[in-house]
Amino acid sequence: METVQDVSGLTLEQDGVETRQVSSTGELIVRKQPGARRTGEITITRGMDKTLPLVWGR
(Lines give C-alpha, C1' and ligand atoms only; values in the text may rest on other atoms or scores of the structure.)
Protein backbone atom coordinates (compact mmCIF):
# COMPACT_ATOMS: atom_id res chain seq x y z
CA MET A 1 0.00 0.00 0.00
CA GLU A 2 1.39 3.38 -0.98
CA THR A 3 1.06 6.47 1.16
CA VAL A 4 1.13 10.17 0.40
CA GLN A 5 3.76 11.99 2.42
CA ASP A 6 3.18 15.59 1.34
CA VAL A 7 0.95 17.68 -0.94
CA SER A 8 1.87 21.24 -1.92
CA GLY A 9 0.85 23.87 -4.45
CA LEU A 10 -2.88 23.83 -3.75
CA THR A 11 -3.60 27.43 -4.74
CA LEU A 12 -6.34 29.12 -6.73
CA GLU A 13 -6.34 32.70 -8.00
CA GLN A 14 -9.17 34.36 -9.87
CA ASP A 15 -9.21 37.62 -11.80
CA GLY A 16 -12.07 40.07 -11.51
CA VAL A 17 -13.58 41.58 -14.65
CA GLU A 18 -15.41 44.92 -14.59
CA THR A 19 -18.18 45.49 -17.09
CA ARG A 20 -19.37 49.06 -17.59
CA GLN A 21 -22.75 49.88 -19.13
CA VAL A 22 -24.83 52.97 -19.52
CA SER A 23 -28.50 52.47 -18.70
CA SER A 24 -31.35 53.92 -20.74
CA THR A 25 -31.52 56.80 -18.22
CA GLY A 26 -27.81 57.61 -18.74
CA GLU A 27 -26.67 56.12 -15.43
CA LEU A 28 -23.29 54.34 -15.42
CA ILE A 29 -23.56 50.75 -14.16
CA VAL A 30 -20.38 48.95 -13.15
CA ARG A 31 -20.61 45.19 -12.60
CA LYS A 32 -17.86 42.95 -11.31
CA GLN A 33 -17.81 39.35 -12.47
CA PRO A 34 -15.45 36.45 -11.87
CA GLY A 35 -12.79 36.11 -14.56
CA ALA A 36 -10.13 33.57 -15.47
CA ARG A 37 -8.89 31.12 -12.84
CA ARG A 38 -5.27 30.17 -12.32
CA THR A 39 -4.12 27.19 -10.28
CA GLY A 40 -0.72 26.40 -8.81
CA GLU A 41 1.42 23.46 -9.79
CA ILE A 42 0.44 20.58 -7.53
CA THR A 43 3.25 18.42 -6.16
CA ILE A 44 2.49 15.10 -4.46
CA THR A 45 5.29 13.30 -2.63
CA ARG A 46 4.84 9.56 -2.20
CA GLY A 47 6.05 7.63 0.79
CA MET A 48 7.96 4.36 0.43
CA ASP A 49 5.95 1.16 0.12
CA LYS A 50 6.84 -0.91 3.19
CA THR A 51 5.62 -4.22 1.75
CA LEU A 52 8.12 -4.42 -1.16
CA PRO A 53 11.92 -4.58 -0.81
CA LEU A 54 13.93 -1.71 -2.24
CA VAL A 55 15.76 -2.91 -5.37
CA TRP A 56 18.55 -0.75 -6.86
CA GLY A 57 19.43 -0.96 -10.56
CA ARG A 58 18.58 -3.99 -12.65
# chains A, B, ... in the order shown; residues from 1 in each chain; ligands from 1
call {"tool": "select_by_dssp", "arguments": {"residues": "stretch 3-52 of chain A", "states": "strand (DSSP E)", "output": "PyMOL selection string"}}
result
chain A and resi 4-8+12-22+28-39+43-46
call {"tool": "residues_around", "arguments": {"residues": "A:Asp6", "least_positions_apart": "6", "cutoff": "9 Å", "atoms": "only C-alpha atoms", "output": "ChimeraX atom specification"}}
result
/A:43-47
call {"tool": "residues_around", "arguments": {"residues": "A:Ile42", "least_positions_apart": "4", "cutoff": "10 Å", "atoms": "only C-alpha atoms", "output": "number ranges by chain"}}
result
A: 7-11
call {"tool": "residues_around", "arguments": {"residues": "A:Gln21", "least_positions_apart": "3", "cutoff": "9 Å", "atoms": "only C-alpha atoms", "output": "PyMOL selection string"}}
result
chain A and resi 27-31
